[in-house]
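final.pdb follows; it contains PDB, C-alpha atoms (C1' of nucleotides).
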ATOM      1  CA  MET B   1     -13.920  11.446  31.080  1.00  0.00           C
ATOM      2  CA  GLN B   2     -13.224   9.612  27.828  1.00  0.00           C
ATOM      3  CA  PRO B   3     -11.536  11.589  25.040  1.00  0.00           C
ATOM      4  CA  THR B   4     -13.593  12.153  21.912  1.00  0.00           C
ATOM      5  CA  LEU B   5     -12.701  10.403  18.681  1.00  0.00           C
ATOM      6  CA  GLN B   6     -11.271  13.654  17.313  1.00  0.00           C
ATOM      7  CA  GLN B   7      -9.150  14.182  20.403  1.00  0.00           C
ATOM      8  CA  ARG B   8      -7.805  10.649  20.130  1.00  0.00           C
ATOM      9  CA  CYS B   9      -6.854  11.237  16.497  1.00  0.00           C
ATOM     10  CA  THR B  10      -5.016  14.420  17.419  1.00  0.00           C
ATOM     11  CA  LYS B  11      -3.014  12.489  20.000  1.00  0.00           C
ATOM     12  CA  ILE B  12      -2.404   9.579  17.644  1.00  0.00           C
ATOM     13  CA  TYR B  13      -0.967  11.956  15.054  1.00  0.00           C
ATOM     14  CA  GLN B  14       1.136  13.841  17.608  1.00  0.00           C
ATOM     15  CA  ARG B  15       2.667  10.737  19.113  1.00  0.00           C
ATOM     16  CA  LEU B  16       3.429   9.001  15.811  1.00  0.00           C
ATOM     17  CA  HIS B  17       4.753  12.233  14.288  1.00  0.00           C
ATOM     18  CA  ALA B  18       7.036  12.682  17.295  1.00  0.00           C
ATOM     19  CA  ARG B  19       8.201   9.101  16.884  1.00  0.00           C
ATOM     20  CA  TYR B  20       8.937   9.175  13.160  1.00  0.00           C
ATOM     21  CA  ARG B  21       9.359  12.902  12.370  1.00  0.00           C
ATOM     22  CA  LEU B  22       9.485  12.979   8.575  1.00  0.00           C
ATOM     23  CA  PRO B  23       8.392   9.519   7.545  1.00  0.00           C
ATOM     24  CA  ALA B  24       8.736   8.274   4.017  1.00  0.00           C
ATOM     25  CA  SER B  25       7.943   5.094   2.215  1.00  0.00           C
ATOM     26  CA  MET B  26      10.724   2.552   2.016  1.00  0.00           C
ATOM     27  CA  LEU B  27      10.094   2.256  -1.707  1.00  0.00           C
ATOM     28  CA  GLU B  28      12.980   3.613  -3.765  1.00  0.00           C
ATOM     29  CA  TRP B  29      12.079   5.942  -6.636  1.00  0.00           C
ATOM     30  CA  HIS B  30      13.395   8.990  -8.516  1.00  0.00           C
ATOM     31  CA  ASN B  31      10.420  10.303 -10.480  1.00  0.00           C
ATOM     32  CA  PRO B  32       6.612   9.873 -10.675  1.00  0.00           C
ATOM     33  CA  TRP B  33       6.854   7.009 -13.168  1.00  0.00           C
ATOM     34  CA  GLU B  34       9.183   5.031 -10.917  1.00  0.00           C
ATOM     35  CA  LEU B  35       6.920   5.621  -7.920  1.00  0.00           C
ATOM     36  CA  LEU B  36       3.889   4.464  -9.914  1.00  0.00           C
ATOM     37  CA  VAL B  37       5.620   1.251 -11.012  1.00  0.00           C
ATOM     38  CA  ALA B  38       7.013   0.565  -7.535  1.00  0.00           C
ATOM     39  CA  THR B  39       3.610   1.106  -5.923  1.00  0.00           C
ATOM     40  CA  VAL B  40       1.874  -1.246  -8.353  1.00  0.00           C
ATOM     41  CA  LEU B  41       4.526  -3.883  -7.655  1.00  0.00           C
ATOM     42  CA  ALA B  42       4.069  -3.376  -3.893  1.00  0.00           C
ATOM     43  CA  ALA B  43       0.621  -4.999  -3.899  1.00  0.00           C
ATOM     44  CA  GLN B  44       0.733  -7.883  -1.389  1.00  0.00           C
ATOM     45  CA  CYS B  45       4.530  -7.676  -1.353  1.00  0.00           C
ATOM     46  CA  THR B  46       7.126  -6.197   0.954  1.00  0.00           C
ATOM     47  CA  ASP B  47       8.912  -2.943   0.048  1.00  0.00           C
ATOM     48  CA  ALA B  48      12.244  -4.729   0.443  1.00  0.00           C
ATOM     49  CA  ARG B  49      11.293  -7.197  -2.272  1.00  0.00           C
ATOM     50  CA  VAL B  50      10.112  -4.435  -4.599  1.00  0.00           C
ATOM     51  CA  ASN B  51      13.409  -2.597  -4.093  1.00  0.00           C
ATOM     52  CA  MET B  52      15.311  -5.675  -5.268  1.00  0.00           C
ATOM     53  CA  VAL B  53      13.395  -5.660  -8.552  1.00  0.00           C
ATOM     54  CA  THR B  54      13.027  -1.996  -9.505  1.00  0.00           C
ATOM     55  CA  PRO B  55      16.703  -1.068 -10.111  1.00  0.00           C
ATOM     56  CA  VAL B  56      17.028  -3.854 -12.689  1.00  0.00           C
ATOM     57  CA  PHE B  57      13.594  -3.039 -14.084  1.00  0.00           C
ATOM     58  CA  PHE B  58      14.387   0.638 -14.671  1.00  0.00           C
ATOM     59  CA  ARG B  59      17.762  -0.116 -16.190  1.00  0.00           C
ATOM     60  CA  ARG B  60      16.045  -2.369 -18.715  1.00  0.00           C
ATOM     61  CA  TRP B  61      13.050  -0.051 -19.276  1.00  0.00           C
ATOM     62  CA  PRO B  62      13.827   3.472 -17.979  1.00  0.00           C
ATOM     63  CA  GLY B  63      10.436   4.984 -18.754  1.00  0.00           C
ATOM     64  CA  PRO B  64       6.950   4.361 -20.145  1.00  0.00           C
ATOM     65  CA  ALA B  65       8.198   4.706 -23.739  1.00  0.00           C
ATOM     66  CA  GLU B  66      10.537   1.739 -23.355  1.00  0.00           C
ATOM     67  CA  LEU B  67       8.097  -0.373 -21.346  1.00  0.00           C
ATOM     68  CA  SER B  68       5.251   0.254 -23.792  1.00  0.00           C
ATOM     69  CA  THR B  69       6.972  -1.889 -26.445  1.00  0.00           C
ATOM     70  CA  ALA B  70       8.430  -4.521 -24.113  1.00  0.00           C
ATOM     71  CA  PRO B  71       7.399  -8.168 -24.490  1.00  0.00           C
ATOM     72  CA  VAL B  72       4.967  -8.950 -21.671  1.00  0.00           C
ATOM     73  CA  ALA B  73       6.647 -12.327 -21.108  1.00  0.00           C
ATOM     74  CA  GLU B  74       9.941 -10.613 -20.383  1.00  0.00           C
ATOM     75  CA  VAL B  75       8.272  -8.193 -17.983  1.00  0.00           C
ATOM     76  CA  GLU B  76       6.621 -11.154 -16.244  1.00  0.00           C
ATOM     77  CA  GLN B  77       9.981 -12.721 -15.499  1.00  0.00           C
ATOM     78  CA  MET B  78      11.360  -9.403 -14.274  1.00  0.00           C
ATOM     79  CA  VAL B  79       8.585  -8.917 -11.693  1.00  0.00           C
ATOM     80  CA  ARG B  80       8.021 -12.593 -10.920  1.00  0.00           C
ATOM     81  CA  SER B  81       9.313 -12.503  -7.348  1.00  0.00           C
ATOM     82  CA  THR B  82       6.837  -9.791  -6.315  1.00  0.00           C
ATOM     83  CA  GLY B  83       3.869 -12.125  -6.732  1.00  0.00           C
ATOM     84  CA  PHE B  84       0.762 -11.641  -8.898  1.00  0.00           C
ATOM     85  CA  PHE B  85       3.366 -11.355 -11.642  1.00  0.00           C
ATOM     86  CA  ARG B  86       1.126 -11.985 -14.674  1.00  0.00           C
ATOM     87  CA  GLN B  87      -1.362  -9.325 -13.612  1.00  0.00           C
ATOM     88  CA  LYS B  88       1.330  -6.830 -12.658  1.00  0.00           C
ATOM     89  CA  ALA B  89       3.284  -7.279 -15.906  1.00  0.00           C
ATOM     90  CA  LYS B  90       0.189  -7.007 -18.066  1.00  0.00           C
ATOM     91  CA  ASN B  91      -1.089  -3.957 -16.184  1.00  0.00           C
ATOM     92  CA  LEU B  92       2.271  -2.154 -16.219  1.00  0.00           C
ATOM     93  CA  VAL B  93       2.752  -2.568 -19.980  1.00  0.00           C
ATOM     94  CA  ALA B  94      -0.831  -1.469 -20.613  1.00  0.00           C
ATOM     95  CA  THR B  95      -0.330   1.497 -18.294  1.00  0.00           C
ATOM     96  CA  ALA B  96       2.876   2.457 -20.117  1.00  0.00           C
ATOM     97  CA  ARG B  97       1.015   2.407 -23.448  1.00  0.00           C
ATOM     98  CA  ILE B  98      -1.789   4.590 -22.129  1.00  0.00           C
ATOM     99  CA  ILE B  99       0.681   7.090 -20.661  1.00  0.00           C
ATOM    100  CA  VAL B 100       2.621   7.237 -23.949  1.00  0.00           C
ATOM    101  CA  HIS B 101      -0.429   7.558 -26.172  1.00  0.00           C
ATOM    102  CA  GLU B 102      -2.879   9.504 -24.011  1.00  0.00           C
ATOM    103  CA  TYR B 103      -0.683  11.562 -21.687  1.00  0.00           C
ATOM    104  CA  ASP B 104       2.332  12.500 -23.801  1.00  0.00           C
ATOM    105  CA  GLY B 105       4.568  10.138 -21.850  1.00  0.00           C
ATOM    106  CA  ARG B 106       3.973  11.718 -18.448  1.00  0.00           C
ATOM    107  CA  VAL B 107       2.221  10.256 -15.403  1.00  0.00           C
ATOM    108  CA  PRO B 108      -1.157  12.033 -15.047  1.00  0.00           C
ATOM    109  CA  GLU B 109      -1.578  14.236 -11.972  1.00  0.00           C
ATOM    110  CA  THR B 110      -5.274  13.895 -11.202  1.00  0.00           C
ATOM    111  CA  MET B 111      -7.182  11.180  -9.345  1.00  0.00           C
ATOM    112  CA  ALA B 112      -9.661  10.689 -12.194  1.00  0.00           C
ATOM    113  CA  GLU B 113      -6.920  10.188 -14.770  1.00  0.00           C
ATOM    114  CA  LEU B 114      -4.846   7.874 -12.565  1.00  0.00           C
ATOM    115  CA  LEU B 115      -7.911   5.700 -11.950  1.00  0.00           C
ATOM    116  CA  THR B 116      -8.199   5.004 -15.697  1.00  0.00           C
ATOM    117  CA  LEU B 117      -4.878   3.136 -15.599  1.00  0.00           C
ATOM    118  CA  PRO B 118      -5.233  -0.667 -15.291  1.00  0.00           C
ATOM    119  CA  GLY B 119      -4.150  -1.951 -11.898  1.00  0.00           C
ATOM    120  CA  VAL B 120      -4.416   1.503 -10.335  1.00  0.00           C
ATOM    121  CA  ALA B 121      -7.147   2.166  -7.757  1.00  0.00           C
ATOM    122  CA  ARG B 122      -7.425   4.750  -4.996  1.00  0.00           C
ATOM    123  CA  LYS B 123      -4.639   3.355  -2.824  1.00  0.00           C
ATOM    124  CA  THR B 124      -2.012   3.539  -5.571  1.00  0.00           C
ATOM    125  CA  ALA B 125      -3.360   6.838  -6.922  1.00  0.00           C
ATOM    126  CA  ASN B 126      -3.253   8.422  -3.461  1.00  0.00           C
ATOM    127  CA  ILE B 127       0.351   7.334  -2.952  1.00  0.00           C
ATOM    128  CA  VAL B 128       1.451   8.793  -6.306  1.00  0.00           C
ATOM    129  CA  LEU B 129      -0.539  12.020  -5.878  1.00  0.00           C
ATOM    130  CA  SER B 130       0.675  12.783  -2.361  1.00  0.00           C
ATOM    131  CA  ASN B 131       4.294  11.667  -2.696  1.00  0.00           C
ATOM    132  CA  ALA B 132       5.212  12.549  -6.279  1.00  0.00           C
ATOM    133  CA  PHE B 133       2.938  15.563  -6.829  1.00  0.00           C
ATOM    134  CA  HIS B 134       2.265  16.804  -3.279  1.00  0.00           C
ATOM    135  CA  LYS B 135      -1.497  16.695  -3.914  1.00  0.00           C
ATOM    136  CA  HIS B 136      -3.605  15.359  -1.069  1.00  0.00           C
ATOM    137  CA  GLU B 137      -6.932  14.225  -2.526  1.00  0.00           C
ATOM    138  CA  GLY B 138      -7.402  11.343  -0.114  1.00  0.00           C
ATOM    139  CA  ILE B 139      -5.718   8.888   2.221  1.00  0.00           C
ATOM    140  CA  ALA B 140      -4.055   5.746   0.909  1.00  0.00           C
ATOM    141  CA  VAL B 141      -5.663   2.773   2.655  1.00  0.00           C
ATOM    142  CA  ASP B 142      -3.500  -0.319   2.513  1.00  0.00           C
ATOM    143  CA  THR B 143      -3.300  -3.405   4.686  1.00  0.00           C
ATOM    144  CA  HIS B 144      -1.584  -1.524   7.544  1.00  0.00           C
ATOM    145  CA  VAL B 145      -3.904   1.496   7.530  1.00  0.00           C
ATOM    146  CA  ARG B 146      -6.872  -0.842   7.413  1.00  0.00           C
ATOM    147  CA  ARG B 147      -5.654  -2.921  10.366  1.00  0.00           C
ATOM    148  CA  LEU B 148      -4.598   0.015  12.578  1.00  0.00           C
ATOM    149  CA  SER B 149      -7.648   2.176  11.911  1.00  0.00           C
ATOM    150  CA  PHE B 150      -9.849  -0.764  12.814  1.00  0.00           C
ATOM    151  CA  ARG B 151      -7.901  -1.701  15.957  1.00  0.00           C
ATOM    152  CA  LEU B 152      -7.821   1.938  17.092  1.00  0.00           C
ATOM    153  CA  GLY B 153     -11.581   2.226  16.622  1.00  0.00           C
ATOM    154  CA  LEU B 154     -11.308   4.944  13.956  1.00  0.00           C
ATOM    155  CA  THR B 155     -13.687   3.005  11.693  1.00  0.00           C
ATOM    156  CA  ILE B 156     -16.039   0.062  12.023  1.00  0.00           C
ATOM    157  CA  SER B 157     -15.704  -0.830   8.351  1.00  0.00           C
ATOM    158  CA  THR B 158     -13.352  -3.210   6.567  1.00  0.00           C
ATOM    159  CA  ASN B 159     -14.130  -1.591   3.195  1.00  0.00           C
ATOM    160  CA  PRO B 160     -11.127   0.542   2.074  1.00  0.00           C
ATOM    161  CA  THR B 161     -13.334   3.183   0.445  1.00  0.00           C
ATOM    162  CA  ILE B 162     -15.385   3.672   3.617  1.00  0.00           C
ATOM    163  CA  ILE B 163     -12.255   3.567   5.805  1.00  0.00           C
ATOM    164  CA  GLU B 164     -10.729   6.315   3.664  1.00  0.00           C
ATOM    165  CA  ARG B 165     -13.878   8.448   4.026  1.00  0.00           C
ATOM    166  CA  ASP B 166     -13.875   7.946   7.811  1.00  0.00           C
ATOM    167  CA  MET B 167     -10.176   8.828   8.067  1.00  0.00           C
ATOM    168  CA  MET B 168     -10.641  11.959   5.942  1.00  0.00           C
ATOM    169  CA  GLN B 169     -13.239  13.122   8.479  1.00  0.00           C
ATOM    170  CA  LEU B 170     -10.910  12.483  11.406  1.00  0.00           C
ATOM    171  CA  PHE B 171      -7.590  13.942  10.206  1.00  0.00           C
ATOM    172  CA  PRO B 172      -6.978  17.441   8.767  1.00  0.00           C
ATOM    173  CA  ARG B 173      -6.040  17.504   5.098  1.00  0.00           C
ATOM    174  CA  GLU B 174      -2.461  18.591   5.698  1.00  0.00           C
ATOM    175  CA  GLN B 175      -1.930  15.272   7.513  1.00  0.00           C
ATOM    176  CA  TRP B 176      -3.461  13.025   4.849  1.00  0.00           C
ATOM    177  CA  GLY B 177      -0.203  12.191   3.126  1.00  0.00           C
ATOM    178  CA  GLU B 178       1.774  11.720   6.312  1.00  0.00           C
ATOM    179  CA  ILE B 179      -0.794   9.696   8.234  1.00  0.00           C
ATOM    180  CA  ASN B 180      -0.417   6.864   5.738  1.00  0.00           C
ATOM    181  CA  HIS B 181       3.322   6.617   6.300  1.00  0.00           C
ATOM    182  CA  LEU B 182       2.940   6.941  10.072  1.00  0.00           C
ATOM    183  CA  LEU B 183       0.419   4.118  10.310  1.00  0.00           C
ATOM    184  CA  VAL B 184       2.413   1.897   7.944  1.00  0.00           C
ATOM    185  CA  LEU B 185       5.635   2.372   9.920  1.00  0.00           C
ATOM    186  CA  TYR B 186       3.894   1.827  13.246  1.00  0.00           C
ATOM    187  CA  GLY B 187       2.003  -1.140  11.843  1.00  0.00           C
ATOM    188  CA  ARG B 188       5.225  -2.773  10.745  1.00  0.00           C
ATOM    189  CA  GLU B 189       7.112  -2.055  13.945  1.00  0.00           C
ATOM    190  CA  ILE B 190       4.614  -2.285  16.838  1.00  0.00           C
ATOM    191  CA  CYS B 191       0.974  -2.819  15.851  1.00  0.00           C
ATOM    192  CA  ARG B 192       1.878  -5.826  13.722  1.00  0.00           C
ATOM    193  CA  ALA B 193      -0.668  -8.089  12.129  1.00  0.00           C
ATOM    194  CA  ARG B 194       0.446 -11.281  13.821  1.00  0.00           C
ATOM    195  CA  LYS B 195       1.753 -10.538  17.323  1.00  0.00           C
ATOM    196  CA  PRO B 196       1.246  -6.846  18.113  1.00  0.00           C
ATOM    197  CA  LEU B 197       3.705  -5.520  20.706  1.00  0.00           C
ATOM    198  CA  CYS B 198       1.037  -3.936  22.910  1.00  0.00           C
ATOM    199  CA  SER B 199       3.413  -3.706  25.892  1.00  0.00           C
ATOM    200  CA  GLU B 200       5.623  -1.320  23.858  1.00  0.00           C
ATOM    201  CA  CYS B 201       2.758   0.664  22.351  1.00  0.00           C
ATOM    202  CA  VAL B 202       2.724   4.458  22.755  1.00  0.00           C
ATOM    203  CA  LEU B 203      -0.989   4.531  21.869  1.00  0.00           C
ATOM    204  CA  GLU B 204      -2.004   2.162  24.629  1.00  0.00           C
ATOM    205  CA  ASP B 205      -4.237   4.660  26.456  1.00  0.00           C
ATOM    206  CA  LEU B 206      -6.025   5.512  23.181  1.00  0.00           C
ATOM    207  CA  CYS B 207      -6.786   1.937  22.138  1.00  0.00           C
ATOM    208  CA  PRO B 208     -10.247   0.337  22.513  1.00  0.00           C
ATOM    209  CA  ARG B 209      -8.487  -2.833  23.683  1.00  0.00           C
ATOM    210  CA  ASN B 210      -7.760  -0.986  26.922  1.00  0.00           C
ATOM    211  CA  GLY B 211     -11.253   0.219  27.709  1.00  0.00           C
ATOM    212  CA  VAL B 212     -11.340   3.398  25.641  1.00  0.00           C
ATOM    213  CA  VAL B 213     -14.802   3.682  24.132  1.00  0.00           C
ATOM    214  CA  GLY B 214     -14.535   3.040  20.392  1.00  0.00           C
TER
ATOM    215  C1'  DA L   1     -16.846 -13.461  -2.705  1.00  0.00           C
ATOM    216  C1'  DT L   2     -13.098 -14.931  -5.299  1.00  0.00           C
ATOM    217  C1'  DC L   3      -9.011 -14.906  -7.868  1.00  0.00           C
ATOM    218  C1'  DC L   4      -4.313 -13.588  -8.824  1.00  0.00           C
ATOM    219  C1'  DC L   5       0.806 -15.371  -6.854  1.00  0.00           C
ATOM    220  C1'  DG L   6       5.827 -15.442  -4.886  1.00  0.00           C
ATOM    221  C1'  DA L   7       8.667 -15.114  -0.720  1.00  0.00           C
ATOM    222  C1'  DG L   8       9.619 -15.004   4.097  1.00  0.00           C
ATOM    223  C1'  DG L   9       8.477 -15.747   9.129  1.00  0.00           C
ATOM    224  C1'  DG L  10       6.849 -18.723  12.657  1.00  0.00           C
TER
ATOM    225  C1'  DC Q   1       1.719 -26.253   7.520  1.00  0.00           C
ATOM    226  C1'  DC Q   2      -0.462 -21.211   8.036  1.00  0.00           C
ATOM    227  C1'  DC Q   3      -0.188 -16.178   7.917  1.00  0.00           C
ATOM    228  C1'  DT Q   4       1.287 -11.867   5.980  1.00  0.00           C
ATOM    229  C1'  DC Q   5       3.214  -8.508   2.791  1.00  0.00           C
ATOM    230  C1'  DT Q   6       1.607  -0.509   1.576  1.00  0.00           C
ATOM    231  C1'  DG Q   7      -4.306  -4.310  -3.890  1.00  0.00           C
ATOM    232  C1'  DG Q   8      -7.126  -4.538  -7.829  1.00  0.00           C
ATOM    233  C1'  DA Q   9     -10.393  -6.566 -11.132  1.00  0.00           C
ATOM    234  C1'  DT Q  10     -14.090  -9.717 -12.001  1.00  0.00           C
TER
END
Once more with this new file: its structure as structure tokens, please.
Amino acid sequence: MQPTLQQRCTKIYQRLHARYRLPASMLEWHNPWELLVATVLAAQCTDARVNMVTPVFFRRWPGPAELSTAPVAEVEQMVRSTGFFRQKAKNLVATARIIVHEYDGRVPETMAELLTLPGVARKTANIVLSNAFHKHEGIAVDTHVRRLSFRLGLTISTNPTIIERDMMQLFPREQWGEINHLLVLYGREICRARKPLCSECVLEDLCPRNGVVG
DNA sequence: ATCCCGAGGG
DNA sequence: CCCTCTGGAT
């Protein structure tokens, strides 16, 4: 008797939760603004690299007020090593200006408002909402969540919006924030993009690769 | 679909 | 060389 999709998700959560207990992002931050900046910089970049940049960044520009008047060229050099540096610098300065002028200098706390910021889509907004404000409006779908949800047969889509909708159906809301961290950690350690360590996998009996009906 | 973009691993 | 890293806008 094959387990249902829901039953598999329950087991996936239980096993990864047991493995990682209270998982957190490796990004280093001290307030919502720092988490927002770090998450924008994390696009197509490792957390370790972001963490090399952000301490210097926040010493130079501690908050949105300081960044809003910074020369974009100087910001570009600061974030250069994270890749996509022209886009990220331009978006971060523009975001700082919007937060200063439209939100009284504070990072907005709703999905709709966060999505108005340049360079911020649902993935970044979900990370900020769940981690900085403890609001779980959705599930952050990044490269790891996309790869693992597909491999585990939790979605047949490669579209992040559809993947998020599928995942929201499969996991209870109180797990939405944590499931992102669990899948990211497991994706980095075991279910890696390049050479997944299937022989060490604790989800082996739940994976379509081993005959479980997707 | 394509572009943005540097750094590290293999 | 190629692939990947907690994406987003056009």
- Could you list, as a list in words, the residues of chain L having an atom within 8 Å of chain B when counting all atoms listed in the file?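 Contact residues on the first chain: DC4, DC5, DG6 and DA7 of chain L.
Once the PyMOL selection byres ((chain B) within 7 of (chain Q)) is applied to the depicted file, the selected set reads B:Ala42, B:Ala43, B:Gln44, B:Cys45, B:Thr46, B:Gly119, B:Ala121, B:Asp142, B:Thr143, B:His144, B:Val184.
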- Task: Pick out the residues sitting within 10 Å of B:Thr158, and hand them over as a PyMOL selection string; count only C-alpha atoms (C1' of nucleotides), and ignore anything fewer than 5 positions along from it in its own chain.
- Result: chain B and resi 146-147+149-150+163
- Query: So how far away is atom CA of B:Asn31 from atom CA of B:Tyr186, in Å?
  - Reply: 26.0 Å
I'd like the box whose edges run along x, y and z of the file and which contains every listed atom of chain L, padded by 3 Å per side; could you state its centre and edge lengths in Å, one decimal, as lines of an AutoDock Vina configuration file?
center_x = -3.6
center_y = -16.1
center_z = 1.9
size_x = 32.5
size_y = 11.3
size_z = 27.5
- Message: I'd like to know which of B:Thr155, B:Glu178, B:Pro118, B:Thr39 is closest to B:Ile99, using only C-alpha atoms.
- Response: B:Pro118
- Task: Mind giving me the straight-line distance from atom CA of B:Arg173 to atom CA of B:His136 in Å, one decimal?
- Result: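 Separating atom CA of B:Arg173 from atom CA of B:His136 is a distance of 7.0 Å.
From atom CA of B:Trp176 back to atom CA of B:Ile139, the distance works out to 5.4 Å.
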Reconstructed stretch 85-109 of chain B, atom set N, CA and C atoms, as a short mmCIF file (atom, residue, chain, number, x, y, z; two decimals), in the frame of the given file:
data_model
loop_
_atom_site.label_atom_id
_atom_site.label_comp_id
_atom_site.auth_asym_id
_atom_site.auth_seq_id
_atom_site.Cartn_x
_atom_site.Cartn_y
_atom_site.Cartn_z
N PHE B 85 2.48 -11.91 -10.62
CA PHE B 85 3.37 -11.36 -11.64
C PHE B 85 2.72 -11.24 -13.02
N ARG B 86 1.78 -12.12 -13.35
CA ARG B 86 1.13 -11.98 -14.67
C ARG B 86 0.26 -10.73 -14.73
N GLN B 87 -0.50 -10.51 -13.67
CA GLN B 87 -1.36 -9.32 -13.61
C GLN B 87 -0.52 -8.05 -13.62
N LYS B 88 0.52 -8.05 -12.78
CA LYS B 88 1.33 -6.83 -12.66
C LYS B 88 2.03 -6.51 -13.97
N ALA B 89 2.59 -7.52 -14.64
CA ALA B 89 3.28 -7.28 -15.91
C ALA B 89 2.33 -6.76 -16.96
N LYS B 90 1.19 -7.42 -17.07
CA LYS B 90 0.19 -7.01 -18.07
C LYS B 90 -0.29 -5.58 -17.80
N ASN B 91 -0.59 -5.29 -16.52
CA ASN B 91 -1.09 -3.96 -16.18
C ASN B 91 -0.03 -2.88 -16.41
N LEU B 92 1.21 -3.17 -16.08
CA LEU B 92 2.27 -2.15 -16.22
C LEU B 92 2.53 -1.83 -17.69
N VAL B 93 2.55 -2.84 -18.56
CA VAL B 93 2.75 -2.57 -19.98
C VAL B 93 1.56 -1.78 -20.54
N ALA B 94 0.36 -2.19 -20.15
CA ALA B 94 -0.83 -1.47 -20.61
C ALA B 94 -0.83 -0.03 -20.10
N THR B 95 -0.43 0.15 -18.87
CA THR B 95 -0.33 1.50 -18.29
C THR B 95 0.70 2.34 -19.05
N ALA B 96 1.84 1.73 -19.36
CA ALA B 96 2.88 2.46 -20.12
C ALA B 96 2.33 2.91 -21.47
N ARG B 97 1.58 2.04 -22.14
CA ARG B 97 1.01 2.41 -23.45
C ARG B 97 0.03 3.56 -23.33
N ILE B 98 -0.82 3.51 -22.32
CA ILE B 98 -1.79 4.59 -22.13
C ILE B 98 -1.07 5.91 -21.85
N ILE B 99 -0.04 5.86 -21.01
CA ILE B 99 0.68 7.09 -20.66
C ILE B 99 1.39 7.66 -21.90
N VAL B 100 1.94 6.78 -22.73
CA VAL B 100 2.62 7.24 -23.95
C VAL B 100 1.61 7.84 -24.92
N HIS B 101 0.49 7.16 -25.11
CA HIS B 101 -0.43 7.56 -26.17
C HIS B 101 -1.47 8.58 -25.74
N GLU B 102 -1.82 8.59 -24.46
CA GLU B 102 -2.88 9.50 -24.01
C GLU B 102 -2.35 10.68 -23.20
N TYR B 103 -1.17 10.52 -22.60
CA TYR B 103 -0.68 11.56 -21.69
C TYR B 103 0.72 12.06 -22.04
N ASP B 104 1.07 11.94 -23.33
CA ASP B 104 2.33 12.50 -23.80
C ASP B 104 3.54 11.99 -23.01
N GLY B 105 3.43 10.75 -22.52
CA GLY B 105 4.57 10.14 -21.85
C GLY B 105 4.77 10.52 -20.40
N ARG B 106 3.82 11.30 -19.85
CA ARG B 106 3.97 11.72 -18.45
C ARG B 106 2.86 11.13 -17.57
N VAL B 107 3.20 10.79 -16.35
CA VAL B 107 2.22 10.26 -15.40
C VAL B 107 1.17 11.34 -15.11
N PRO B 108 -0.12 11.03 -15.31
CA PRO B 108 -1.16 12.03 -15.05
C PRO B 108 -1.19 12.45 -13.58
N GLU B 109 -1.65 13.66 -13.32
CA GLU B 109 -1.58 14.24 -11.97
C GLU B 109 -2.94 14.43 -11.31
#
